[in-house]
file coords_22.txt (compact mmCIF, C-alpha atoms)
# COMPACT_ATOMS: atom_id res chain seq x y z
CA MET A 454 86.03 43.47 70.39
CA LYS A 455 88.69 43.46 67.63
CA ARG A 456 86.76 45.16 64.84
CA LYS A 457 88.34 48.49 63.87
CA LEU A 458 86.43 50.29 61.14
CA THR A 459 89.04 53.00 60.60
CA GLU A 460 91.05 50.92 58.12
CA GLY A 461 90.31 49.07 54.89
CA PRO A 462 88.00 49.79 51.93
CA VAL A 463 84.87 51.73 52.85
CA GLY A 464 82.34 50.07 50.52
CA PRO A 465 82.96 46.44 51.56
CA GLN A 466 82.93 47.42 55.23
CA LEU A 467 79.55 49.12 54.86
CA VAL A 468 78.19 46.06 53.06
CA LYS A 469 79.53 43.78 55.79
CA LEU A 470 77.88 45.93 58.46
CA THR A 471 74.60 46.41 56.59
CA LEU A 472 73.77 42.88 55.38
CA PRO A 473 73.31 41.39 58.88
CA MET A 474 71.23 44.44 59.78
CA VAL A 475 68.96 43.80 56.79
CA TRP A 476 68.46 40.26 58.00
CA GLY A 477 67.77 41.32 61.60
CA LEU A 478 65.43 44.17 60.66
CA PHE A 479 63.59 41.91 58.23
CA ALA A 480 62.97 39.47 61.06
CA LEU A 481 61.58 42.22 63.31
CA ILE A 482 59.42 43.74 60.59
CA ALA A 483 58.23 40.27 59.58
CA PHE A 484 56.84 39.59 63.03
CA ASN A 485 55.08 42.99 62.96
CA LEU A 486 53.51 41.97 59.65
CA VAL A 487 52.54 38.59 61.11
CA ASP A 488 50.96 40.42 64.07
CA THR A 489 49.07 42.60 61.60
CA TYR A 490 47.92 39.55 59.63
CA PHE A 491 46.53 37.63 62.61
CA VAL A 492 44.99 40.70 64.25
CA GLY A 493 43.50 41.70 60.89
CA GLN A 494 41.67 38.38 60.79
CA LEU A 495 39.97 39.26 64.09
CA GLY A 496 38.19 42.23 62.50
CA THR A 497 38.53 45.88 61.45
CA ALA A 498 37.97 47.14 65.02
CA GLN A 499 40.88 45.08 66.36
CA LEU A 500 43.12 46.15 63.47
CA ALA A 501 42.18 49.79 64.08
CA ALA A 502 42.97 49.31 67.79
CA MET A 503 46.45 48.04 66.96
CA SER A 504 46.90 50.96 64.57
CA PHE A 505 46.01 53.36 67.39
CA THR A 506 48.69 51.75 69.59
CA PHE A 507 51.30 52.11 66.85
CA PRO A 508 52.32 55.73 67.68
CA VAL A 509 52.67 54.94 71.40
CA VAL A 510 54.59 51.73 70.77
CA MET A 511 56.82 53.64 68.35
CA THR A 512 57.33 56.47 70.84
CA LEU A 513 58.59 54.15 73.56
CA GLY A 514 60.50 52.06 71.04
CA ASN A 515 62.16 55.20 69.75
CA LEU A 516 63.06 56.20 73.29
CA ALA A 517 65.04 52.97 73.43
CA PHE A 518 66.35 53.66 69.94
CA GLY A 519 67.49 57.13 71.01
CA LEU A 520 69.31 55.76 74.05
CA GLY A 521 70.86 53.17 71.76
CA ILE A 522 72.06 55.91 69.41
CA GLY A 523 73.72 57.70 72.32
CA THR A 524 75.30 54.43 73.42
CA THR A 525 76.58 53.62 69.93
CA SER A 526 77.97 57.13 69.50
CA VAL A 527 80.00 57.29 72.71
CA ILE A 528 81.20 53.68 72.52
CA ALA A 529 82.19 53.83 68.83
CA ARG A 530 84.09 57.10 69.30
CA ALA A 531 85.85 55.66 72.39
CA ILE A 532 86.88 52.62 70.32
CA GLY A 533 88.17 54.94 67.59
CA GLU A 534 90.21 56.77 70.22
CA GLY A 535 91.50 53.46 71.63
CA ASP A 536 90.08 53.90 75.18
CA MET A 537 88.84 50.39 76.08
CA LEU A 538 88.26 51.07 79.79
CA ARG A 539 85.94 53.91 78.85
CA VAL A 540 84.14 51.57 76.44
CA GLN A 541 83.31 49.13 79.26
CA ARG A 542 82.13 51.88 81.56
CA PHE A 543 79.84 53.34 78.93
CA THR A 544 78.38 49.93 78.07
CA THR A 545 77.61 49.01 81.68
CA ASN A 546 76.04 52.34 82.52
CA SER A 547 74.01 52.45 79.33
CA LEU A 548 72.08 49.46 80.69
CA THR A 549 71.49 51.07 84.09
CA LEU A 550 70.21 54.16 82.27
CA ALA A 551 67.85 52.03 80.17
CA LEU A 552 66.41 50.36 83.29
CA THR A 553 65.77 53.73 84.92
CA ALA A 554 64.00 55.05 81.82
CA VAL A 555 61.84 51.90 81.62
CA PHE A 556 60.60 52.29 85.17
CA LEU A 557 59.62 55.94 84.65
CA PHE A 558 57.82 55.54 81.35
CA ALA A 559 56.00 52.29 82.18
CA SER A 560 54.71 53.80 85.42
CA VAL A 561 53.25 56.81 83.61
CA GLY A 562 51.94 54.76 80.69
CA LEU A 563 49.90 52.31 82.74
CA PHE A 564 47.91 55.13 84.35
CA THR A 565 47.26 57.12 81.16
CA ILE A 566 45.97 54.50 78.69
CA ASP A 567 42.36 55.72 78.46
CA PRO A 568 42.92 59.51 78.35
CA LEU A 569 45.84 59.21 75.95
CA PHE A 570 44.02 57.10 73.38
CA ARG A 571 40.84 59.13 73.69
CA ALA A 572 42.97 62.14 72.80
CA LEU A 573 44.24 60.25 69.75
CA GLY A 574 40.66 59.75 68.58
CA ALA A 575 39.84 56.22 69.77
CA GLY A 576 36.12 55.71 70.27
CA PRO A 577 34.39 53.66 72.98
CA ASP A 578 34.07 50.68 70.61
CA ILE A 579 37.83 50.48 70.08
CA LEU A 580 39.17 51.59 73.47
CA PRO A 581 38.59 48.23 75.27
CA PHE A 582 40.72 46.46 72.64
CA ILE A 583 43.49 49.05 73.07
CA ARG A 584 43.39 48.60 76.83
CA GLU A 585 43.76 44.82 76.52
CA TYR A 586 46.86 45.20 74.39
CA MET A 587 48.65 48.05 76.17
CA GLN A 588 48.27 46.78 79.74
CA ILE A 589 50.39 43.74 78.90
CA TRP A 590 52.73 45.69 76.65
CA TYR A 591 53.63 48.25 79.33
CA PHE A 592 54.48 45.53 81.86
CA GLY A 593 56.87 43.99 79.30
CA ILE A 594 58.56 47.20 78.16
CA VAL A 595 61.78 46.33 80.02
CA PHE A 596 62.22 43.50 77.51
CA LEU A 597 62.00 46.01 74.65
CA VAL A 598 64.24 48.81 75.89
CA VAL A 599 67.18 47.06 77.57
CA PRO A 600 67.96 44.62 74.70
CA MET A 601 67.82 47.47 72.16
CA VAL A 602 70.42 49.42 74.13
CA GLY A 603 72.52 46.29 74.66
CA ASN A 604 72.46 45.43 70.95
CA SER A 605 73.49 49.01 70.15
CA ALA A 606 76.58 48.53 72.30
CA ILE A 607 77.44 45.32 70.45
CA ARG A 608 77.04 47.06 67.07
CA ALA A 609 79.24 49.96 68.19
CA ALA A 610 82.11 47.47 68.38
CA GLY A 611 81.55 46.62 64.70
CA ASN A 612 79.59 43.41 65.31
CA THR A 613 76.24 43.63 63.52
CA LEU A 614 75.89 39.88 62.98
CA THR A 615 75.27 38.83 66.58
CA PRO A 616 72.54 41.42 67.26
CA SER A 617 70.86 40.31 64.04
CA ILE A 618 70.88 36.69 65.18
CA ILE A 619 69.35 37.76 68.51
CA MET A 620 66.67 39.78 66.68
CA THR A 621 65.93 36.84 64.39
CA VAL A 622 65.49 34.36 67.25
CA ALA A 623 63.18 36.79 69.04
CA ALA A 624 61.16 37.42 65.88
CA GLY A 625 60.88 33.69 65.16
CA THR A 626 59.59 33.11 68.68
CA ASN A 627 57.01 35.87 68.23
CA ILE A 628 55.84 34.44 64.90
CA VAL A 629 55.41 30.96 66.38
CA LEU A 630 53.52 32.27 69.41
CA ASP A 631 51.14 34.53 67.46
CA PRO A 632 48.73 31.86 66.16
CA LEU A 633 48.95 29.98 69.45
CA LEU A 634 48.08 32.93 71.70
CA ILE A 635 45.96 35.09 69.38
CA ASN A 636 43.79 32.34 67.88
CA GLY A 637 44.18 29.68 70.55
CA ALA A 638 45.74 27.06 68.26
CA LEU A 639 46.93 23.66 69.55
CA GLY A 640 44.93 23.93 72.76
CA PHE A 641 46.31 27.31 73.88
CA PRO A 642 43.80 29.86 75.24
CA ARG A 643 42.38 32.28 72.64
CA LEU A 644 43.61 35.67 73.92
CA GLU A 645 43.17 37.74 70.71
CA LEU A 646 44.85 41.17 71.17
CA GLN A 647 46.17 40.21 74.59
CA GLY A 648 47.83 37.23 72.92
CA ALA A 649 49.57 39.50 70.41
CA ALA A 650 51.00 41.60 73.23
CA LEU A 651 52.02 38.55 75.30
CA ALA A 652 53.79 36.95 72.33
CA THR A 653 55.83 40.14 71.86
CA VAL A 654 56.78 40.32 75.54
CA ILE A 655 57.95 36.68 75.65
CA ALA A 656 60.01 37.09 72.49
CA ARG A 657 61.65 40.27 73.76
CA ALA A 658 62.50 38.57 77.07
CA ILE A 659 64.56 36.04 75.13
CA SER A 660 66.43 38.86 73.38
CA LEU A 661 67.22 40.47 76.74
CA VAL A 662 68.88 37.34 78.10
CA ALA A 663 70.82 36.78 74.88
CA ALA A 664 72.08 40.38 74.67
CA LEU A 665 73.36 40.34 78.25
CA LEU A 666 75.18 37.04 77.72
CA VAL A 667 76.88 38.32 74.56
CA LEU A 668 77.90 41.60 76.18
CA ARG A 669 79.45 39.85 79.15
CA PHE A 670 81.05 36.72 77.73
CA LYS A 671 81.56 37.22 73.98
CA GLU A 672 82.35 40.90 73.54
CA ASN A 673 83.70 41.61 77.05
CA LEU A 674 81.96 44.98 76.95
CA LEU A 675 80.65 44.96 80.52
CA SER A 676 82.73 46.18 83.43
CA SER A 677 83.42 43.60 86.13
CA GLN A 678 83.18 46.29 88.81
CA ILE A 679 79.96 47.71 90.18
CA PRO A 680 79.94 51.36 89.07
CA ASP A 681 79.81 53.97 91.81
CA LEU A 682 77.39 56.88 91.73
CA GLU A 683 79.91 59.40 90.42
CA GLU A 684 80.97 57.16 87.53
CA THR A 685 77.35 56.32 86.73
CA LEU A 686 76.39 59.98 86.55
CA TRP A 687 79.23 61.04 84.25
CA CYS A 688 78.57 58.08 81.96
CA TRP A 689 74.87 58.91 81.87
CA ARG A 690 75.74 62.54 81.13
CA ASP A 691 77.94 61.68 78.15
CA ILE A 692 75.40 59.18 76.79
CA LEU A 693 72.51 61.60 77.26
CA ILE A 694 74.33 64.49 75.58
CA VAL A 695 73.71 62.52 72.39
CA GLY A 696 70.96 60.19 73.60
CA LEU A 697 68.43 62.75 74.83
CA PRO A 698 68.34 64.84 71.65
CA ALA A 699 68.44 61.61 69.63
CA ALA A 700 65.57 60.17 71.67
CA ALA A 701 63.65 63.42 71.29
CA ALA A 702 64.26 63.37 67.54
CA SER A 703 63.24 59.71 67.37
CA MET A 704 60.03 60.40 69.28
CA ILE A 705 59.04 63.34 67.09
CA THR A 706 58.15 60.89 64.33
CA PRO A 707 55.73 58.62 66.24
CA ILE A 708 54.17 61.57 68.06
CA SER A 709 53.60 63.20 64.68
CA ILE A 710 52.18 59.95 63.36
CA GLY A 711 49.82 60.00 66.34
CA VAL A 712 48.59 63.41 65.22
CA VAL A 713 48.25 62.12 61.65
CA THR A 714 46.30 59.14 63.00
CA SER A 715 43.89 61.51 64.73
CA LEU A 716 43.48 63.42 61.45
CA LEU A 717 42.71 60.15 59.67
CA ALA A 718 40.30 59.08 62.43
CA ILE A 719 37.98 61.86 61.26
CA HIS A 720 37.50 59.82 58.08
CA GLY A 721 36.61 56.59 59.94
CA ALA A 722 38.16 53.42 61.32
CA ALA A 723 38.90 52.12 57.81
CA ALA A 724 41.18 55.09 57.13
CA VAL A 725 43.14 54.43 60.35
CA ALA A 726 43.33 50.68 59.64
CA GLY A 727 44.48 51.28 56.05
CA PHE A 728 47.16 53.71 57.20
CA GLY A 729 48.41 51.27 59.85
CA LEU A 730 48.50 48.44 57.33
CA ALA A 731 50.39 50.55 54.75
CA SER A 732 52.85 51.74 57.42
CA ARG A 733 53.82 48.16 58.19
CA VAL A 734 54.30 47.35 54.50
CA GLU A 735 56.39 50.51 54.25
CA SER A 736 58.61 49.32 57.10
CA LEU A 737 59.42 46.23 55.06
CA ALA A 738 60.04 48.28 51.90
CA LEU A 739 62.50 50.55 53.72
CA ILE A 740 64.40 47.72 55.38
CA ALA A 741 67.59 48.11 53.33
CA ILE A 742 67.71 51.87 53.91
CA LEU A 743 67.05 51.50 57.64
CA ALA A 744 69.80 48.87 57.89
CA LEU A 745 72.25 51.12 56.06
CA ALA A 746 71.39 54.06 58.33
CA ALA A 747 71.91 51.89 61.43
CA SER A 748 75.27 50.72 60.07
CA MET A 749 76.39 54.33 59.68
CA GLY A 750 76.44 54.61 63.48
CA PRO A 751 79.45 52.38 64.25
CA PHE A 752 81.27 53.26 61.01
CA VAL A 753 80.96 57.03 61.26
CA GLY A 754 81.46 56.98 65.05
CA GLN A 755 84.75 55.07 64.92
CA ASN A 756 86.11 57.07 61.99
CA TRP A 757 85.02 60.42 63.40
CA GLY A 758 86.68 59.52 66.72
CA GLY A 759 89.82 58.53 64.80
CA GLN A 760 89.75 61.77 62.72
CA GLN A 761 89.24 59.84 59.46
CA ILE A 762 86.91 62.46 57.94
CA GLY A 763 87.59 61.46 54.34
CA ARG A 764 86.27 57.98 55.07
CA VAL A 765 83.13 59.49 56.61
CA ARG A 766 82.50 61.55 53.45
CA GLN A 767 83.03 58.52 51.27
CA ALA A 768 80.61 56.43 53.34
CA LEU A 769 77.93 59.13 53.16
CA SER A 770 78.30 59.48 49.39
CA GLN A 771 77.90 55.75 48.87
CA GLY A 772 74.95 55.67 51.27
CA TYR A 773 73.17 58.45 49.43
CA ARG A 774 73.58 56.79 46.03
CA PHE A 775 72.22 53.52 47.35
CA SER A 776 69.24 55.25 48.98
CA LEU A 777 68.21 56.89 45.71
CA LEU A 778 68.48 53.66 43.73
CA TRP A 779 66.58 51.66 46.33
CA GLY A 780 63.88 54.32 46.51
CA VAL A 781 63.24 54.13 42.76
CA PHE A 782 63.11 50.33 42.89
CA MET A 783 60.60 50.21 45.76
CA ALA A 784 58.41 52.92 44.21
CA VAL A 785 57.98 50.70 41.15
CA VAL A 786 57.39 47.51 43.15
CA LEU A 787 54.83 49.02 45.52
CA GLY A 788 53.13 51.02 42.80
CA LEU A 789 52.47 47.83 40.84
CA GLY A 790 51.56 45.58 43.77
CA ALA A 791 49.80 47.91 46.23
CA ARG A 792 46.31 46.39 46.12
CA SER A 793 47.57 42.81 46.18
CA LEU A 794 49.80 43.49 49.19
CA ALA A 795 47.01 45.23 51.10
CA ALA A 796 44.57 42.40 50.36
CA LEU A 797 46.94 39.89 51.99
CA PHE A 798 46.30 41.45 55.39
CA ASN A 799 42.65 42.54 55.28
CA SER A 800 39.65 41.78 53.12
CA ASP A 801 37.75 45.02 53.80
CA LEU A 802 37.65 46.85 50.44
CA SER A 803 37.68 50.28 52.06
CA VAL A 804 40.81 49.40 54.06
CA ILE A 805 42.47 48.06 50.92
CA ALA A 806 41.62 51.24 49.01
CA ILE A 807 43.15 53.52 51.67
CA ALA A 808 46.32 51.41 51.99
CA SER A 809 46.69 51.33 48.19
CA GLN A 810 46.50 55.12 47.95
CA TYR A 811 49.37 55.39 50.41
CA LEU A 812 51.48 52.76 48.64
CA TRP A 813 50.96 54.36 45.22
CA LEU A 814 51.95 57.84 46.34
CA VAL A 815 54.41 57.97 49.25
CA PRO A 816 57.09 55.57 47.86
CA ILE A 817 58.09 58.11 45.18
CA SER A 818 59.87 59.94 48.02
CA TYR A 819 61.67 56.95 49.55
CA GLY A 820 65.03 57.89 48.02
CA THR A 821 65.23 61.27 49.74
CA LEU A 822 63.76 59.77 52.92
CA GLY A 823 66.75 57.41 52.86
CA ILE A 824 69.13 60.36 52.54
CA LEU A 825 67.45 61.92 55.56
CA GLN A 826 67.79 58.72 57.62
CA VAL A 827 71.46 58.21 56.72
CA THR A 828 72.27 61.84 57.51
CA ASN A 829 70.57 61.73 60.92
CA SER A 830 72.45 58.56 61.85
CA ALA A 831 75.76 60.10 60.78
CA PHE A 832 75.23 63.29 62.77
CA ASN A 833 74.40 61.34 65.92
CA ALA A 834 77.45 59.14 65.47
CA MET A 835 79.62 62.28 65.20
CA GLY A 836 78.30 63.40 68.58
CA LYS A 837 76.27 66.18 66.91
CA PRO A 838 72.62 65.41 67.78
CA ILE A 839 71.30 68.95 67.30
CA PRO A 840 71.36 68.87 63.46
CA SER A 841 69.52 65.55 63.63
CA ILE A 842 66.74 66.88 65.84
CA ILE A 843 66.41 70.01 63.68
CA ILE A 844 66.13 67.91 60.53
CA THR A 845 63.56 65.59 62.12
CA ALA A 846 61.49 68.44 63.57
CA THR A 847 61.53 70.28 60.24
CA HIS A 848 60.54 67.09 58.44
CA MET A 849 57.65 66.05 60.68
CA VAL A 850 56.38 69.31 62.23
CA GLY A 851 57.52 71.99 59.84
CA PHE A 852 56.36 70.14 56.72
CA TYR A 853 54.40 66.91 57.27
CA LEU A 854 51.92 67.95 59.96
CA ARG A 855 51.23 71.37 58.49
CA LEU A 856 50.70 69.96 55.01
CA ALA A 857 48.73 66.96 56.34
CA TYR A 858 46.24 69.26 58.06
CA ILE A 859 45.74 71.27 54.88
CA GLY A 860 45.77 68.19 52.61
CA GLY A 861 43.29 66.33 54.82
CA ARG A 862 40.81 69.16 54.65
CA ILE A 863 41.13 69.43 50.88
CA ALA A 864 41.46 65.81 49.72
CA GLY A 865 40.93 63.57 52.77
CA PRO A 866 43.41 60.70 53.34
CA LEU A 867 44.95 61.18 49.89
CA GLY A 868 45.90 64.76 50.81
CA ILE A 869 47.53 63.53 54.03
CA PHE A 870 49.57 60.97 52.10
CA ALA A 871 50.65 63.62 49.57
CA ALA A 872 51.93 65.69 52.51
CA ALA A 873 54.18 62.80 53.56
CA ALA A 874 55.73 62.57 50.09
CA ILE A 875 56.37 66.32 49.83
CA ALA A 876 57.97 66.42 53.30
CA ASN A 877 60.29 63.51 52.46
CA LEU A 878 61.43 65.11 49.22
CA ALA A 879 62.05 68.61 50.56
CA VAL A 880 63.80 67.79 53.84
CA GLY A 881 65.86 64.93 52.39
CA LEU A 882 67.52 67.35 49.96
CA GLY A 883 68.22 69.80 52.78
CA ALA A 884 69.79 67.05 54.91
CA TYR A 885 72.17 66.19 52.07
CA ALA A 886 73.40 69.78 51.83
CA TRP A 887 73.91 70.06 55.60
CA SER A 888 75.95 66.86 55.93
CA ARG A 889 78.19 67.83 53.03
CA ARG A 890 78.93 71.23 54.57
CA THR A 891 79.66 69.67 58.01
CA CYS A 892 82.22 67.21 56.63
CA LEU A 893 83.99 69.92 54.63
CA GLN A 894 84.23 72.14 57.71
CA GLN A 895 85.63 69.30 59.84
CA MET A 896 88.23 68.49 57.18
CA LYS A 897 89.39 72.12 57.26
CA VAL A 898 89.64 71.98 61.06
CA ALA A 899 91.66 68.73 60.95
CA SER A 900 93.93 70.18 58.28
CA ALA A 901 94.55 73.33 60.32
CA LYS A 902 95.42 71.22 63.40
CA ALA A 903 97.84 69.11 61.36
CA GLU A 904 99.56 72.23 60.00
CA ALA A 905 99.83 73.70 63.52
CA LEU A 906 101.42 70.51 64.82
CA GLY A 907 103.78 70.39 61.85
CA SER A 908 104.99 73.91 62.46

call {"tool": "encode", "arguments": {"input": "coords_22.txt", "output": "C-alpha cells"}}
result
Amino acid sequence: MKRKLTEGPVGPQLVKLTLPMVWGLFALIAFNLVDTYFVGQLGTAQLAAMSFTFPVVMTLGNLAFGLGIGTTSVIARAIGEGDMLRVQRFTTNSLTLALTAVFLFASVGLFTIDPLFRALGAGPDILPFIREYMQIWYFGIVFLVVPMVGNSAIRAAGNTLTPSIIMTVAAGTNIVLDPLLINGALGFPRLELQGAALATVIARAISLVAALLVLRFKENLLSSQIPDLEETLWCWRDILIVGLPAAAASMITPISIGVVTSLLAIHGAAAVAGFGLASRVESLALIAILALAASMGPFVGQNWGGQQIGRVRQALSQGYRFSLLWGVFMAVVLGLGARSLAALFNSDLSVIAIASQYLWLVPISYGTLGILQVTNSAFNAMGKPIPSIIITATHMVGFYLRLAYIGGRIAGPLGIFAAAAIANLAVGLGAYAWSRRTCLQQMKVASAKAEALGS
C-alpha cells in the first residue's frame, strides 16, 4: 500500500490507473457477451429470458457497486490524510457490510422471482426459463458482491492492476465453462440457462478467494483484530454515508431499464431480445469510459482528502476531453457495423433489426454519457453522493423514462431509443457544469483556510 496519487503528473497517473481497468472490464464484458452468444443459440425465448433478468442482475450488481464506491471513497480519503489504521478498519468492515447486504437481498429475491418478473412483463412461456436462471444466481450472489467490494478496497490504494487480473481470471473461467455447462460439451450435462448461471457463480467464487488473499497478504488492508460492535457500526456508518446514496443512484439505472424493458415487452419478445443484445454490445463500446470513471474514484478520493483540488480539476478536464473523443469514435464504429455485430449473436431478423436501431441512434450521445459517468464517480470520491444521485435520478427518471413512455407510444422501440440519446445529451452537459462549480467553490474554501492560517 505505497501508492500515493497526490504527487506526480496527473495524465500519466490516470492512464496508469485506467489501462488495467480497461483490461479487467473487457474481460467481464466479454464473458457477458459469450453468455449472450451461447444463450442466443438456444432460441429467442431463452435470450428474452436472460434479457428480462438483466435489470435484476444489474440492480444487485449495482448494490455491490454502490457499496464499493463507498468503500473506495472512505479508504482513498483516509490514505490521502495518512491514516493507515483507519484504512484497515474501513476495509475489514466493508466486507462484513457486504455479507450482511447479501443475506438480506438474496433472501428476498428467492421468494419474489415469479411476481417480480411478471410485473416486468414476462409471459408464461418465458417465466420458467427465468426461474431456472435466477434460482441459481441468487444462491451465488455472495460471490458477486463481496469480491466487488474487496476489489474496490484494493483500487482505493491505487492498485488497479491486481483487481483486473482477478477479474480476468474469473471471466476466463466463465468463458471456458459456458459451452461445457450450457451446451453439455465434452460429456458435461446440458443445463442450458441453468448452466449459464452456474458458470457465473463458479467464476465469481474464484474471484472471492483471490480478492481476500490479496487484501490480507499483498496489500495488508485487513485488520488483524476482530472488530467489535461499536467499531463495526461507526465504520458501516461512514461507508454508508457515501455507499447508500451511491447504491441508490447505481440502482436507479437498472430499475429504470426494467421499466424500459416492460415498455419494450409491449412490442414483443424480439424487441426485448434486441434491446438486451444491444445493451451488451454497448457495454463493450463504453469500456474505456467506464474504466476511466472507475479510476477517478481512487485518484479524486486521495487528492480531495489531501486538499489537492487543482489536481482534481485537471483530472476531470482530461477525463471529459477523452469521453467526448471516445464517444465520437464509437458512434462511427457502431453506426457502420450495427447489423453485422447484432447478427453475430442472433440470427432472428427481427431481433437484428431492433438491435441495429439502438446501435445506430444511441451512440451519438456516448460522449456526454461519459461526462456524466466521470462526474458521478468524482462526486462520490469527494464524499458528496447527493449530487451523484440527483444527476442519476434526473437522467433516468426525469428524462429517459418520461421520454421513453412518450417515444414508445409515438414510434415504438425507435422512440424509446431516441429518448435514451436525448437524456444522455442533456444531463451530461448539466453534470459538467455542476462539477466545475463544485471544484471552484472548494478551491475558494481551501484558499480562505490557507489565508486564515497565514494570518

call {"tool": "closest_atom_pairs", "arguments": {"input": "coords_22.txt", "of": "region 529-606 of chain A", "to": "region 676-700 of chain A", "cutoff": "8 Å", "atoms": "only C-alpha atoms", "output": "CSV"}}
result
residue,atom,partner,partner_atom,distance
A:Gln541,CA,A:Ser676,CA,5.1
A:Arg542,CA,A:Ser676,CA,6.0
A:Phe543,CA,A:Cys688,CA,5.8
A:Thr544,CA,A:Ser676,CA,7.9
A:Thr545,CA,A:Ser676,CA,6.1
A:Asn546,CA,A:Thr685,CA,5.9
A:Ser547,CA,A:Trp689,CA,7.0
A:Leu550,CA,A:Trp689,CA,6.7

call {"tool": "atom_distance", "arguments": {"input": "coords_22.txt", "atom1": "CA of Gly521 (chain A)", "atom2": "CA of Ile619 (chain A)"}}
result
15.8 Å

call {"tool": "closest_residue", "arguments": {"input": "coords_22.txt", "among": "A:Thr706, A:Thr525, A:Thr653, A:Thr828", "to": "Phe596 (chain A)", "atoms": "only C-alpha atoms"}}
result
A:Thr653

call {"tool": "closest_residue", "arguments": {"input": "coords_22.txt", "among": "A:Ala808, A:Ala517, A:Val667, A:Leu467", "to": "Val598 (chain A)", "atoms": "all atoms listed in the file"}}
result
A:Ala517

call {"tool": "atom_distance", "arguments": {"input": "coords_22.txt", "atom1": "CA of His848 (chain A)", "atom2": "CA of Leu822 (chain A)"}}
result
9.7 Å
